[in-house]
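Trainee: Below is one structure. I have some questions about it.
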Amino acid sequence: MSTIVQDQKYRNSQKRKDAFISTFIGFFAFVWIFPILWTIWTSLRPYSDVVSYGVFSWPKRLNFDNYFAAFKQMHILGYFLNSLYVTIPAVIITLFLGSLIAFVVSRYKFKFSLPLLLVFTAGNMLPAVLVYIPVFWMYIWVGDLVGNRNFLYNNYLGLILIHVAFQTGFATFVLSSYMKTIPKEISESAIVDGASVFTHYWRVILPLIRPPLAALGVLMTTWIYNDFFWALILVSQDSKRPITSGLRRLNGEFVTDFNLLAAGAILAAAPTVILFFVLRKQFISGLTLGSTKG
Amino acid sequence: MDTTVANKKVRSRRSLSRNDRFTLSAFVGFPTFVQLIFLWIPALATILLSFTYWNGIRISDIKWAGFANYKNIFLNDTLFYEALKNNLIWLLWFSLIATPLGILLAYQIDRKIKGHKIYESIYYIPVVLSLAVIGIIWNFMFQPGGFIQGLMGRDIGNAVSIWGNYKINTYVIMAVASWRHIGYIMLLYLSGLKSVDPSLKEASAIDGATDWQTFRKVILPAMKPVNIIIVVITLIESFRAFDLVFIIYGSSTSWPLLNILVYQNFAGQGISMKGAALAVILLLLCIGPIIGYLRTVFKEDL
C-alpha cells in the first residue's frame, strides 16, 4: 500500500519537474526563433518609419514593399539563379561520382578499396584554406591557358568543380556504407546472368540506392547553397555571385537601409528552410547516415 | 575455408572481361582524378609553398625559405596568437557550453516532454541557414536600430557599438555561433537516442535511477559512436570558423581567427606564403580529429 502511495508521489513530482522543463525549453525556443521573427518584422516595415518613430514604435505601415524592392534594387533574382546554376549541377555530379567509387569499393573487393575509401572520406574533412591558394592560382592559369581568364575563376564551372571535389568524399562514404547492406546475392545473380559492370551499376545497384541518394541530395543542396567561403574567394564579378556572397556585398551597400536588407536575408534563407520542412526526413537521415553508419 | 574464399575472389576477378575492367578503372579513375587535382595536389602544394617566399605571380619567383614563415609566425606575429586564442575560446565555449546544451536538449526532447515536436522544429531552423545569413540576421539584433539597441533605450542616432566593444564582443560572437551549433548537436544526438533500446531506459527507471544517473550510466555509454562524432564535429567546427566573423568584421582583423588570417595573407594587400604556413598549422590542429573520425567510422574495416 505504502509503495503505491510513494510511487504516486514520485510520479507527481516527476510530472511537475517535466512541466517545469517543458516551460523552460519552450521559453528558450521562443528566444531561439526570435531573431528570425524580428528580421521578418523588420522586413515588413519601411526604413523611414524606424528612423522617425524609433525601433519599438507601433508600425504605421506594414507591407511587402521591401521584398519587391529587394528584387528590383538588389537584383536578388540574379544571385538566386547563380546559386541554382552552381548547386544543382554540383549536387548531381557529386552524387554520380560518389556512387561510382562506392559501387566499386563495396561490390568488388580490391586491395586498395579501403585506402581509397579512407582517402575520399578524409578529403571531405580537409580545411578549405589548405587548398585555397593553389586552387586560386590553378584557376587563373587554366583560364590563361584556354584564353579566357573567367573560364574557371568568376564562373559557375569553377565553383561546381571545387564543391564536387570536397563533397564527393562524404557521398562516397555514406553510399558505400549503404551499399554494404545490400545482399551480395543480388550482385552475384546479376554477374551470373552475364551483366556487364556497367549494367550491374546502372540497372541493379543504382535503383536500390535511391533512399540514400535522396537524403544526400537534400543535405548537399543545403550545404552547397549555403557555402560562403568559396563563393567569396572564387567569384569577384558581381553578376556571377551566389546568394551568400551576394548578400554580403549588399550588407555593405545597403547598410543604411536595413529593412530592405532584412527582406533580402529572409529571401536568401527561404529556400533551405522550405526544403528542410518539406524533406525533413531526408535531411536528417542524410546527416545521421554519415554519423552513425547505417 | 580461407582458401575457397580466396579462390572465389580470384575467379571472380579473372571472370571480368576486358570491357568490364575498363569500366571499373574508369569508375575509380575519374572521381580519383578530380579529388587529386582539386584537393590532394593543392593540399600538398600548400604544404610545400609554406616553406617558400613567393608573391604569387610567376612560378620562377618562388624562393626556398626553410622554416622562415613559421618562425615569423611563432616569433613575431602577435595577431597569430590572438587568432589562436580566439579559436581556442571558440573550442572551449563549444565543448563546455554549446555541445553539452545540445545534448541536454536532445535528451529532454527525446523524453517527449510537452511540446517536443514544435520545439524540435524551432531548434532545427538555424541548422539549415547559411552562416552568412546568420551573421546578417544577428546584425539586426545588435546594430543601430536593432532589437538589443532598442532594449537599451538607444535609437539609431545614439546607438552604441556592440561588435566593437572588446569587453563583450567575444561573448556575443560565441552566443551567435552557438545558435546554430546547439541545434546541430541536438539533431545528431536525437537521432542517436532514437536508436537506443527504450527498454534500457525503462529498466533503469524501474530500478529507481534518477534522470541524471540514467543519462550518465545508461544513455551515454550506449551512444559511444555518436559521442565521438560529436567531439570531432565540435573540434573541426571550432577550427574551421570563418563565415560568421567575416560577415561581421569583413577582412579586418578586429577579432582574428586562423582562417581569417589565411584569407588576409592571400587576399589582403601583400601576398605572402605566411598564409600557406598558417593553413598548415590549421591542418595540424585538425588532423587529430580527422584521424579520430576515420577510426570511428571504419572501426570494423580497419
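Residues in the C-alpha cells are numbered from 1 in each chain, the chains being A, B, ... in the order shown, and ligands are numbered from 1 in the order shown.
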Would you kindly report the residues of chain B within 7 Å of chain A, using only C-alpha atoms, as a compact mmCIF listing (two decimals) with C-alpha atoms, in the first residue's frame?
Mentor:
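Result file is iface21.txt:
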```
# COMPACT_ATOMS: atom_id res chain seq x y z
CA ASP B 20 34.44 -4.66 -67.56
CA THR B 23 34.63 0.27 -66.94
CA LEU B 24 35.85 -0.38 -63.41
CA PHE B 27 34.64 4.30 -62.36
CA VAL B 28 37.56 4.59 -59.97
CA PRO B 31 36.48 10.60 -59.37
CA VAL B 34 39.02 15.05 -59.62
CA GLN B 35 39.96 14.51 -55.97
CA PHE B 38 41.34 19.78 -56.68
CA LEU B 39 42.14 18.51 -53.19
CA PRO B 42 46.69 21.60 -53.91
CA ALA B 43 46.95 20.49 -50.27
CA ALA B 45 51.32 22.31 -52.87
CA THR B 46 50.24 24.46 -49.91
CA ILE B 113 8.07 16.41 -22.93
CA LYS B 114 5.07 18.56 -23.74
CA TYR B 119 10.49 22.73 -30.02
CA ILE B 122 12.37 25.52 -33.88
CA TYR B 123 15.80 24.44 -32.72
CA ILE B 125 15.89 26.07 -38.17
CA VAL B 128 19.80 24.87 -42.28
CA LEU B 129 20.69 28.56 -42.53
CA SER B 130 23.86 29.77 -44.16
CA ALA B 132 26.29 34.37 -43.95
CA VAL B 133 22.55 34.74 -43.38
CA ILE B 137 20.12 38.18 -39.03
CA TRP B 138 22.03 38.73 -35.80
CA PHE B 140 19.64 43.15 -36.95
CA MET B 141 19.67 42.46 -33.23
CA GLY B 145 18.22 50.36 -34.83
CA GLY B 146 18.38 46.71 -33.82
CA GLY B 150 16.14 49.28 -28.61
CA ASP B 155 17.72 54.71 -31.21
CA ILE B 156 19.57 54.89 -34.48
CA LEU B 188 22.72 14.40 -34.33
CA SER B 191 18.73 10.56 -33.97
CA PRO B 225 29.90 6.25 -31.61
CA VAL B 226 27.68 9.34 -31.71
CA ILE B 229 31.33 12.07 -33.91
CA ARG B 240 37.03 25.94 -39.36
CA ASP B 243 31.95 32.85 -42.29
CA ILE B 247 30.33 38.79 -42.23
CA ASN B 259 41.08 31.18 -41.15
CA VAL B 262 44.98 32.91 -44.03
CA ALA B 279 46.93 26.90 -43.32
CA VAL B 280 49.38 24.09 -42.50
CA LEU B 283 45.77 21.32 -40.76
CA ILE B 290 40.14 13.72 -38.71
CA VAL B 297 33.57 5.15 -38.75
```
Trainee: From a backbone DSSP assignment, name each residue in stretch 35-197 of chain A labelled helix (DSSP H, G or I), as a tab-separated table (two decimals) with C-alpha atoms, in the first residue's frame.
Mentor:
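Writing the result to part-v3.tsv gives the following:
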```
chain	number	residue	atom	x	y	z
A	35	PRO	CA	15.92	36.81	-34.24
A	36	ILE	CA	14.17	35.32	-37.27
A	37	LEU	CA	10.81	36.79	-36.25
A	38	TRP	CA	12.50	40.11	-35.66
A	39	THR	CA	14.10	40.01	-39.10
A	40	ILE	CA	10.72	39.25	-40.69
A	41	TRP	CA	9.16	42.07	-38.69
A	42	THR	CA	11.92	44.43	-39.77
A	43	SER	CA	11.49	43.41	-43.40
A	47	TYR	CA	13.08	52.26	-43.03
A	48	SER	CA	11.71	55.78	-42.75
A	49	ASP	CA	9.27	54.64	-40.05
A	50	VAL	CA	12.04	53.23	-37.88
A	51	VAL	CA	14.07	56.40	-38.29
A	52	SER	CA	11.28	58.77	-37.39
A	53	TYR	CA	9.43	56.77	-34.72
A	65	ASP	CA	7.41	46.78	-50.38
A	66	ASN	CA	10.86	45.78	-49.15
A	67	TYR	CA	10.51	42.41	-50.87
A	68	PHE	CA	9.59	43.98	-54.19
A	69	ALA	CA	12.43	46.44	-53.73
A	70	ALA	CA	14.83	43.57	-52.99
A	71	PHE	CA	14.09	42.14	-56.42
A	72	LYS	CA	14.28	45.50	-58.14
A	73	GLN	CA	17.18	47.23	-56.40
A	76	ILE	CA	18.24	39.20	-55.72
A	77	LEU	CA	16.86	37.09	-58.56
A	78	GLY	CA	20.22	37.11	-60.34
A	79	TYR	CA	22.00	35.90	-57.20
A	80	PHE	CA	19.37	33.20	-56.75
A	81	LEU	CA	19.88	31.93	-60.27
A	82	ASN	CA	23.66	31.91	-59.78
A	83	SER	CA	23.21	29.77	-56.68
A	84	LEU	CA	20.94	27.47	-58.62
A	85	TYR	CA	23.38	27.12	-61.55
A	86	VAL	CA	26.13	26.13	-59.11
A	87	THR	CA	24.18	23.98	-56.66
A	88	ILE	CA	22.17	21.73	-58.96
A	89	PRO	CA	24.99	20.53	-61.24
A	90	ALA	CA	27.36	20.23	-58.26
A	91	VAL	CA	24.93	18.02	-56.34
A	92	ILE	CA	24.22	15.78	-59.34
A	93	ILE	CA	27.89	15.34	-60.26
A	94	THR	CA	28.85	14.73	-56.62
A	95	LEU	CA	26.24	12.01	-56.21
A	96	PHE	CA	27.26	10.44	-59.51
A	97	LEU	CA	30.97	10.33	-58.71
A	98	GLY	CA	30.35	9.25	-55.13
A	99	SER	CA	28.13	6.41	-56.28
A	100	LEU	CA	30.80	5.19	-58.75
A	101	ILE	CA	33.50	4.88	-56.11
A	102	ALA	CA	31.09	3.47	-53.55
A	103	PHE	CA	29.92	0.88	-56.08
A	104	VAL	CA	33.42	-0.34	-56.89
A	105	VAL	CA	34.57	-0.33	-53.27
A	106	SER	CA	31.57	-2.19	-51.90
A	107	ARG	CA	30.87	-4.65	-54.75
A	113	SER	CA	39.39	-0.36	-51.74
A	114	LEU	CA	39.84	0.57	-48.08
A	115	PRO	CA	42.67	3.08	-48.67
A	116	LEU	CA	40.60	4.57	-51.47
A	117	LEU	CA	37.61	4.97	-49.18
A	118	LEU	CA	39.82	6.48	-46.45
A	119	VAL	CA	41.36	9.00	-48.85
A	120	PHE	CA	37.96	10.09	-50.14
A	121	THR	CA	36.44	10.41	-46.67
A	122	ALA	CA	39.46	12.30	-45.31
A	123	GLY	CA	39.34	14.66	-48.29
A	124	ASN	CA	35.91	15.81	-47.21
A	125	MET	CA	37.33	16.94	-43.87
A	129	VAL	CA	42.03	27.15	-46.59
A	130	LEU	CA	44.57	24.36	-47.02
A	131	VAL	CA	43.82	24.10	-50.75
A	132	TYR	CA	42.67	27.59	-51.42
A	133	ILE	CA	45.93	29.28	-52.50
A	134	PRO	CA	46.94	26.69	-55.17
A	135	VAL	CA	43.35	26.27	-56.37
A	136	PHE	CA	43.06	30.01	-56.87
A	137	TRP	CA	46.24	30.13	-58.98
A	138	MET	CA	45.33	26.98	-60.84
A	139	TYR	CA	42.04	28.59	-61.86
A	140	ILE	CA	43.82	31.70	-63.12
A	141	TRP	CA	46.45	29.66	-65.01
A	142	VAL	CA	43.93	27.34	-66.62
A	143	GLY	CA	41.95	30.41	-67.62
A	144	ASP	CA	45.02	31.95	-69.29
A	145	LEU	CA	45.74	28.62	-70.95
A	156	TYR	CA	29.96	28.61	-62.27
A	157	LEU	CA	32.23	25.84	-63.51
A	158	GLY	CA	34.99	26.70	-61.05
A	159	LEU	CA	32.62	26.69	-58.08
A	160	ILE	CA	30.96	23.47	-59.23
A	161	LEU	CA	34.30	21.68	-59.50
A	162	ILE	CA	35.57	22.67	-56.06
A	163	HIS	CA	32.27	21.70	-54.43
A	164	VAL	CA	32.31	18.35	-56.22
A	165	ALA	CA	35.87	17.73	-55.06
A	166	PHE	CA	35.04	18.50	-51.43
A	167	GLN	CA	31.68	16.76	-51.18
A	168	THR	CA	32.39	13.57	-53.15
A	169	GLY	CA	34.15	12.11	-50.11
A	170	PHE	CA	31.08	12.37	-47.93
A	171	ALA	CA	28.81	10.98	-50.65
A	172	THR	CA	31.20	8.07	-51.21
A	173	PHE	CA	31.32	7.25	-47.54
A	174	VAL	CA	27.56	7.35	-47.00
A	175	LEU	CA	26.74	5.46	-50.19
A	176	SER	CA	29.34	2.76	-49.64
A	177	SER	CA	28.11	2.02	-46.14
A	178	TYR	CA	24.59	1.79	-47.51
A	179	MET	CA	25.65	-0.46	-50.38
A	184	LYS	CA	25.75	-9.94	-52.10
A	185	GLU	CA	23.37	-12.40	-53.79
A	186	ILE	CA	21.81	-9.60	-55.81
A	187	SER	CA	25.18	-8.78	-57.34
A	188	GLU	CA	26.12	-12.43	-57.78
A	189	SER	CA	22.97	-13.27	-59.68
A	190	ALA	CA	23.48	-10.24	-61.90
A	191	ILE	CA	27.02	-11.39	-62.68
A	192	VAL	CA	25.88	-14.96	-63.31
A	197	VAL	CA	29.92	-3.98	-64.81
```
Trainee: Can you tell me how far atom CA of B:Ser251 sits from atom CA of B:Phe51, in Å to one decimal?
Mentor: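 Going from atom CA of B:Ser251 over to atom CA of B:Phe51 covers 24.8 Å.
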Trainee: Which residues are close to B:Leu258, i.e. within 12 Å by only C-alpha atoms, leaving aside same-chain residues fewer than 4 positions away? Reply as number ranges by chain.
Mentor: A: 127, 129-130; B: 73, 79-88, 90, 238-242, 245-246, 253, 262-265, 274-283, 285
Trainee: Calculated over only C-alpha atoms, which of the candidates A:Gly286, A:Pro183, A:Gly194, A:Gly147 has the smallest distance to A:Leu213?
Mentor: A:Gly286
Trainee: Using only C-alpha atoms, determine which residues lie at most 9 Å from stretch 175-184 of chain B, disregarding the query and same-chain residues fewer than 5 positions distant; provide the list as number ranges by chain.
Mentor: A: 32; B: 90, 93-94, 97-103, 105-106, 120, 122-129, 131, 134-135, 138, 170, 189, 234, 237, 244
Trainee: Would you put the residues from that selection into a file with N, CA and C atoms, as an mmCIF file, in the first residue's frame?
Mentor:
```
data_model
loop_
_atom_site.group_PDB
_atom_site.id
_atom_site.type_symbol
_atom_site.label_atom_id
_atom_site.label_comp_id
_atom_site.auth_asym_id
_atom_site.auth_seq_id
_atom_site.Cartn_x
_atom_site.Cartn_y
_atom_site.Cartn_z
ATOM 1 N N TRP A 32 15.042 31.415 -29.270
ATOM 2 C CA TRP A 32 15.717 30.846 -30.443
ATOM 3 C C TRP A 32 15.164 31.410 -31.733
ATOM 4 N N TRP B 90 36.733 29.671 -28.824
ATOM 5 C CA TRP B 90 35.632 29.083 -29.597
ATOM 6 C C TRP B 90 35.487 27.605 -29.222
ATOM 7 N N TRP B 93 34.319 27.150 -25.560
ATOM 8 C CA TRP B 93 32.900 27.506 -25.433
ATOM 9 C C TRP B 93 32.020 26.398 -26.019
ATOM 10 N N PHE B 94 32.417 25.945 -27.218
ATOM 11 C CA PHE B 94 31.638 24.882 -27.854
ATOM 12 C C PHE B 94 31.665 23.609 -27.018
ATOM 13 N N ILE B 97 30.044 24.477 -23.225
ATOM 14 C CA ILE B 97 28.702 25.056 -23.110
ATOM 15 C C ILE B 97 27.775 24.612 -24.241
ATOM 16 N N ALA B 98 28.134 24.914 -25.485
ATOM 17 C CA ALA B 98 27.183 24.678 -26.579
ATOM 18 C C ALA B 98 26.887 23.189 -26.801
ATOM 19 N N THR B 99 27.936 22.372 -26.879
ATOM 20 C CA THR B 99 27.708 20.944 -27.131
ATOM 21 C C THR B 99 26.928 20.277 -25.995
ATOM 22 N N PRO B 100 27.328 20.478 -24.711
ATOM 23 C CA PRO B 100 26.515 19.883 -23.635
ATOM 24 C C PRO B 100 25.070 20.362 -23.653
ATOM 25 N N LEU B 101 24.843 21.630 -23.982
ATOM 26 C CA LEU B 101 23.467 22.124 -24.058
ATOM 27 C C LEU B 101 22.685 21.409 -25.156
ATOM 28 N N GLY B 102 23.331 21.187 -26.282
ATOM 29 C CA GLY B 102 22.687 20.475 -27.384
ATOM 30 C C GLY B 102 22.316 19.052 -26.973
ATOM 31 N N ILE B 103 23.221 18.404 -26.240
ATOM 32 C CA ILE B 103 22.975 17.028 -25.791
ATOM 33 C C ILE B 103 21.823 17.010 -24.789
ATOM 34 N N LEU B 105 19.434 19.157 -24.472
ATOM 35 C CA LEU B 105 18.197 19.459 -25.179
ATOM 36 C C LEU B 105 17.672 18.211 -25.888
ATOM 37 N N ALA B 106 18.571 17.491 -26.536
ATOM 38 C CA ALA B 106 18.176 16.267 -27.243
ATOM 39 C C ALA B 106 17.597 15.267 -26.251
ATOM 40 N N GLU B 120 11.429 20.923 -31.295
ATOM 41 C CA GLU B 120 12.420 20.293 -32.153
ATOM 42 C C GLU B 120 12.569 21.097 -33.452
ATOM 43 N N ILE B 122 11.820 24.185 -34.091
ATOM 44 C CA ILE B 122 12.370 25.525 -33.885
ATOM 45 C C ILE B 122 13.885 25.467 -33.720
ATOM 46 N N TYR B 123 14.354 24.513 -32.933
ATOM 47 C CA TYR B 123 15.800 24.436 -32.718
ATOM 48 C C TYR B 123 16.546 23.980 -33.964
ATOM 49 N N TYR B 124 15.847 23.339 -34.903
ATOM 50 C CA TYR B 124 16.499 22.915 -36.146
ATOM 51 C C TYR B 124 16.730 24.059 -37.116
ATOM 52 N N ILE B 125 15.849 25.062 -37.104
ATOM 53 C CA ILE B 125 15.889 26.068 -38.171
ATOM 54 C C ILE B 125 17.282 26.675 -38.401
ATOM 55 N N PRO B 126 17.979 27.127 -37.333
ATOM 56 C CA PRO B 126 19.287 27.729 -37.612
ATOM 57 C C PRO B 126 20.271 26.776 -38.288
ATOM 58 N N VAL B 127 20.063 25.469 -38.111
ATOM 59 C CA VAL B 127 20.997 24.498 -38.690
ATOM 60 C C VAL B 127 20.997 24.557 -40.214
ATOM 61 N N VAL B 128 19.854 24.867 -40.813
ATOM 62 C CA VAL B 128 19.804 24.869 -42.277
ATOM 63 C C VAL B 128 20.127 26.240 -42.869
ATOM 64 N N LEU B 129 20.372 27.231 -42.022
ATOM 65 C CA LEU B 129 20.688 28.557 -42.534
ATOM 66 C C LEU B 129 22.176 28.682 -42.833
ATOM 67 N N LEU B 131 25.697 30.481 -42.729
ATOM 68 C CA LEU B 131 26.307 31.335 -41.704
ATOM 69 C C LEU B 131 26.342 32.788 -42.144
ATOM 70 N N ILE B 134 23.038 33.965 -41.135
ATOM 71 C CA ILE B 134 23.008 34.059 -39.675
ATOM 72 C C ILE B 134 23.692 35.339 -39.200
ATOM 73 N N GLY B 135 24.834 35.650 -39.806
ATOM 74 C CA GLY B 135 25.536 36.879 -39.450
ATOM 75 C C GLY B 135 24.656 38.095 -39.665
ATOM 76 N N TRP B 138 21.635 38.284 -37.135
ATOM 77 C CA TRP B 138 22.031 38.734 -35.795
ATOM 78 C C TRP B 138 22.491 40.173 -35.783
ATOM 79 N N THR B 170 33.396 39.091 -27.681
ATOM 80 C CA THR B 170 33.684 37.654 -27.726
ATOM 81 C C THR B 170 32.458 36.842 -27.291
ATOM 82 N N TYR B 189 22.360 14.092 -31.957
ATOM 83 C CA TYR B 189 22.192 13.293 -30.748
ATOM 84 C C TYR B 189 20.806 12.672 -30.687
ATOM 85 N N THR B 234 32.632 19.136 -33.044
ATOM 86 C CA THR B 234 32.890 20.306 -32.216
ATOM 87 C C THR B 234 34.303 20.838 -32.462
ATOM 88 N N GLU B 237 34.572 22.183 -36.261
ATOM 89 C CA GLU B 237 33.823 23.425 -36.454
ATOM 90 C C GLU B 237 34.535 24.601 -35.783
ATOM 91 N N LEU B 244 30.919 33.493 -40.217
ATOM 92 C CA LEU B 244 30.183 34.376 -39.319
ATOM 93 C C LEU B 244 30.990 35.618 -38.966
#
```
Trainee: Using only C-alpha atoms, which of the listed residues (A:Phe112, A:Phe64, A:Trp58, A:Tyr153) sits closest to A:Trp230?
Mentor: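 Ranked by minimum distance to A:Trp230, first place goes to A:Tyr153.
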Trainee: Using only C-alpha atoms, pick whichever of B:Met152, B:Lys201, B:Ser95, B:Gly288 has the shortest atom-to-atom distance to B:Asn227.
Mentor: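 Once distances to B:Asn227 are computed over only C-alpha atoms, the minimum belongs to B:Ser95.
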Trainee: Apply DSSP to the structure's backbone, then extract all residues of stretch 14-124 of chain B labelled strand (DSSP E) and return them as a PyMOL selection string.
Mentor: chain B and resi 52-53+63-64
Trainee: Next, write the just-selected residues to a file, as a PDB file, in the first residue's frame, keeping N, CA and C atoms as the atom set.
Mentor:
```pdb
ATOM      1  N   THR B  52      58.321  28.425 -48.585  1.00  0.00           N
ATOM      2  CA  THR B  52      58.926  29.287 -49.610  1.00  0.00           C
ATOM      3  C   THR B  52      58.534  30.746 -49.405  1.00  0.00           C
ATOM      4  N   TYR B  53      59.295  31.620 -50.119  1.00  0.00           N
ATOM      5  CA  TYR B  53      58.852  33.007 -50.287  1.00  0.00           C
ATOM      6  C   TYR B  53      58.263  33.100 -51.674  1.00  0.00           C
ATOM      7  N   LYS B  63      61.038  31.209 -54.006  1.00  0.00           N
ATOM      8  CA  LYS B  63      62.352  31.018 -53.370  1.00  0.00           C
ATOM      9  C   LYS B  63      62.201  30.196 -52.110  1.00  0.00           C
ATOM     10  N   TRP B  64      63.149  29.316 -51.907  1.00  0.00           N
ATOM     11  CA  TRP B  64      63.135  28.465 -50.727  1.00  0.00           C
ATOM     12  C   TRP B  64      63.300  29.322 -49.464  1.00  0.00           C
TER      13      TRP B  64
END
```
Trainee: Restricting the calculation to only C-alpha atoms: of B:Leu92, B:Ile230, B:Met273, B:Ile260, which residue gets closest to B:Met186?
Mentor: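 So, comparing all the options, the nearest one is B:Ile230.
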Trainee: What's the separation between atom CA of B:Ala267 and atom CA of B:Ser60, in Å to one decimal place?
Mentor: 21.0 Å
Trainee: Please measure the separation of atom CA of B:Phe215 and atom CA of A:Asn12, giving the value in Å to one decimal.
Mentor: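 Going from atom CA of B:Phe215 over to atom CA of A:Asn12 covers 20.7 Å.
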